[in-house]
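Here is the structure we will look at.
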Amino acid sequence: MMAELALQLLDIMLVAILIGLAWATLESKDEGRGVVLFIAFGLVLALVWARLAAPDVAIAEAAIGAGLSGALLLAAVRDQKRAAAQATDAPAEASWEASRGGAVPPAVPWALGVLCLGLALMVAWAFAHALANGAPQRLAGEVLGRLSESGVTNPVTAVLLNFRACDTLLELGVLLVALLGIQALGPQRRPYAPAEPVLASLVRWLIPALILTGGYLLWVGAHAPGGAFQAGAVLAAGGVLLRLAGRRSAGLPGGAALRLLSVGGVAAFLAVGLALLLAGRPFLGFPSAWAGALILLIEAAATLAIAVTLIQAYLGGRVPSADGGSEPRWPATPDGPNP
Amino acid sequence: MARHTGWTQPVITTQLLYGLAGVALLSLGLRGALAAVSMLRRLLALNLMGSGVFLMLVALAYRGPGMPPDPVPHALVLTGIVVAVSATALALALGRRLAETREGD
């Protein structure tokens, strides 16, 4: 009874903090502050996932939702501040945000509030309806019942890589398309100055630990929380760290190797799927004796693809070619010399 | 606590609490996304909106202590988190290009 009460208290506190942080994120005057609050929101959300018995999601949220999204958004805030500092005398349109300068009639915020409240009430009603009338089993029974045929014992990995493998294939496709879009838009961001000794030696210790953690998460995903997404995100965190410490390549290989790694996830998926088709099985319909090995193969390629894709997304554009010719758009700046 | 193996009251309470928190995030985020002036704020709001949807899904998947949760929504949310970060990265790249283009005019 006491334990239940404590748990309910925890629930209420977590929800209150979560909504408070979301509110503060949206209301903060300074955008950098808003981003930091958003990162804190992501970390609290990871706690909520752990509370709701979703450890796989919790790891992914902490690494991707809070970590990498946060790094991306902070880099964007930096770009924006630089643009503002460079163009103090330029017209306001030159800034990142188009200034619409208070031309909004006063009724609009009210109308928006009413609209969003109405939508919230409708969604809340639908959610409560689904809770009250839905079969409590849903698809869980089906997944858990056929888990032994899937080649893995972590049900989330079984869904991602076996029962709904097509979804994950398409998701890797989405990642690849996003990467192509980012690279089509322009060159990467300016690199950082070489790190101070403290950060540099911290990075020397952290990178091997992150690689080890990534490998562990990949391997353990077969039977415990973990898997390709979490492992890829942890590896990507290593790349972001290297970049922040002044390593221009962010640990990425160059040229063909990088392109090969970037498409590796989709390629491994398609190769396995087509091989299975040729062997007379449905597309991505793993035979249960081989399922474990095939899933590990796909996940290994997917881990590397996710990692290099997320790092390249952080770099924010085309990686300069090996001769270093394509980039010198950036003048020397207070950020320090380019290595 | 493992006594609750069925569809008992506390489980529904937990699901409802977190699900409604998800609804609140969804509508806060929607309002923020529609009202925001800057693109960065709009992206933050859209991410919060997505988190609200994820929270509703995971709340539906929760089946109480001692019961394995439904793994299908968990897999959906994992996929969603990765898609959300790649969409955010693409949007930021678009915003950067847009700003450069405006400067160049």
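How things are named: the first chain in the structure tokens is A, the next is B, and so on; residues count from 1 in each chain; ligands count from 1 in the order shown.
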
_Exercise: Phe127 of chain A partners within 12 Å, only C-alpha atoms, chain neighbours under 6 positions left out, as number ranges by chain_ = A: 120-121, 133-134; B: 12, 15-23, 53, 55-57, 59-60

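In this model, the gap between atom CA of Leu180 of chain A and atom CA of Gly254 of chain A comes to 16.2 Å.
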
*Identify all residues of chain B in helix (DSSP H, G or I) (DSSP on the backbone) and supply them as a PyMOL selection string.*
chain B and resi 9-35+39-61+71-104

Could you save the residues just selected, with C-alpha atoms, as a compact mmCIF listing (two decimals), in the first residue's frame?
```txt
# COMPACT_ATOMS: atom_id res chain seq x y z
CA GLN B 9 -7.64 0.10 -11.21
CA PRO B 10 -4.13 1.48 -10.47
CA VAL B 11 -2.92 0.48 -13.92
CA ILE B 12 -5.71 2.42 -15.60
CA THR B 13 -4.95 5.39 -13.33
CA THR B 14 -1.29 5.36 -14.35
CA GLN B 15 -2.12 5.00 -18.03
CA LEU B 16 -4.66 7.79 -17.85
CA LEU B 17 -2.28 10.12 -15.96
CA TYR B 18 0.58 9.70 -18.43
CA GLY B 19 -1.73 9.58 -21.44
CA LEU B 20 -3.36 12.86 -20.45
CA ALA B 21 0.10 14.34 -19.87
CA GLY B 22 0.82 13.30 -23.46
CA VAL B 23 -2.35 15.08 -24.61
CA ALA B 24 -1.27 18.20 -22.70
CA LEU B 25 2.17 18.12 -24.37
CA LEU B 26 0.55 17.61 -27.75
CA SER B 27 -1.66 20.67 -27.41
CA LEU B 28 1.05 22.83 -25.78
CA GLY B 29 3.37 21.90 -28.64
CA LEU B 30 0.72 22.54 -31.29
CA ARG B 31 -0.04 25.94 -29.87
CA GLY B 32 3.67 26.73 -29.69
CA ALA B 33 4.26 25.56 -33.26
CA LEU B 34 1.40 27.69 -34.61
CA ALA B 35 2.22 30.78 -32.56
CA MET B 39 11.93 28.64 -36.79
CA LEU B 40 13.98 27.27 -33.90
CA ARG B 41 11.10 27.77 -31.49
CA ARG B 42 8.74 26.14 -33.94
CA LEU B 43 11.04 23.13 -34.16
CA LEU B 44 11.21 22.87 -30.37
CA ALA B 45 7.40 23.00 -30.24
CA LEU B 46 7.07 20.33 -32.92
CA ASN B 47 9.47 18.08 -31.01
CA LEU B 48 7.42 18.56 -27.84
CA MET B 49 4.29 17.68 -29.82
CA GLY B 50 5.95 14.48 -31.00
CA SER B 51 6.94 13.62 -27.45
CA GLY B 52 3.29 14.00 -26.44
CA VAL B 53 2.25 11.46 -29.07
CA PHE B 54 5.01 9.08 -27.94
CA LEU B 55 3.83 9.44 -24.35
CA MET B 56 0.27 8.48 -25.32
CA LEU B 57 1.54 5.40 -27.17
CA VAL B 58 3.79 4.21 -24.34
CA ALA B 59 1.02 4.87 -21.79
CA LEU B 60 -1.28 2.61 -23.83
CA ALA B 61 1.46 -0.04 -23.92
CA PRO B 71 6.35 -4.14 -27.38
CA VAL B 72 4.66 -2.93 -30.58
CA PRO B 73 4.08 0.69 -29.45
CA HIS B 74 7.59 0.68 -27.97
CA ALA B 75 9.02 -0.24 -31.37
CA LEU B 76 6.86 2.46 -33.00
CA VAL B 77 8.12 5.08 -30.56
CA LEU B 78 11.76 4.05 -31.08
CA THR B 79 11.27 4.46 -34.81
CA GLY B 80 9.55 7.77 -34.18
CA ILE B 81 12.41 9.15 -32.08
CA VAL B 82 14.92 8.43 -34.85
CA VAL B 83 12.66 9.88 -37.55
CA ALA B 84 12.06 12.98 -35.39
CA VAL B 85 15.78 13.66 -34.97
CA SER B 86 16.45 13.23 -38.69
CA ALA B 87 13.55 15.54 -39.56
CA THR B 88 14.86 18.10 -37.05
CA ALA B 89 18.32 17.93 -38.59
CA LEU B 90 16.90 18.40 -42.09
CA ALA B 91 14.77 21.34 -40.94
CA LEU B 92 17.78 22.99 -39.31
CA ALA B 93 19.81 22.55 -42.50
CA LEU B 94 16.96 24.12 -44.48
CA GLY B 95 16.83 27.03 -42.03
CA ARG B 96 20.57 27.58 -42.30
CA ARG B 97 20.41 27.60 -46.09
CA LEU B 98 17.45 29.97 -46.00
CA ALA B 99 19.33 32.39 -43.76
CA GLU B 100 22.38 32.30 -46.05
CA THR B 101 20.20 32.92 -49.09
CA ARG B 102 18.58 35.92 -47.44
CA GLU B 103 21.97 37.32 -46.51
CA GLY B 104 23.16 36.91 -50.08
```

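As for atom CA of Asn154 of chain A and atom CA of Ala305 of chain A, they are spaced 21.9 Å apart.
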
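Taking atom CA of Leu21 of chain A as the reference point, atom CA of Pro106 of chain A is found at 26.4 Å.
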
_Just checking: using only C-alpha atoms, which residue out of A:Ala224, A:Ala16, A:Leu185, A:Ala76 ends up closest to Thr153 of chain A?_
A:Ala224

_Let me make sure I understand: among A:Val220, A:Ala140, A:Leu5, A:Ala301, which one has the smallest atom-to-atom distance to chain B if we use only C-alpha atoms?_
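Answer, going by the shortest atom-to-atom distance: A:Ala140.
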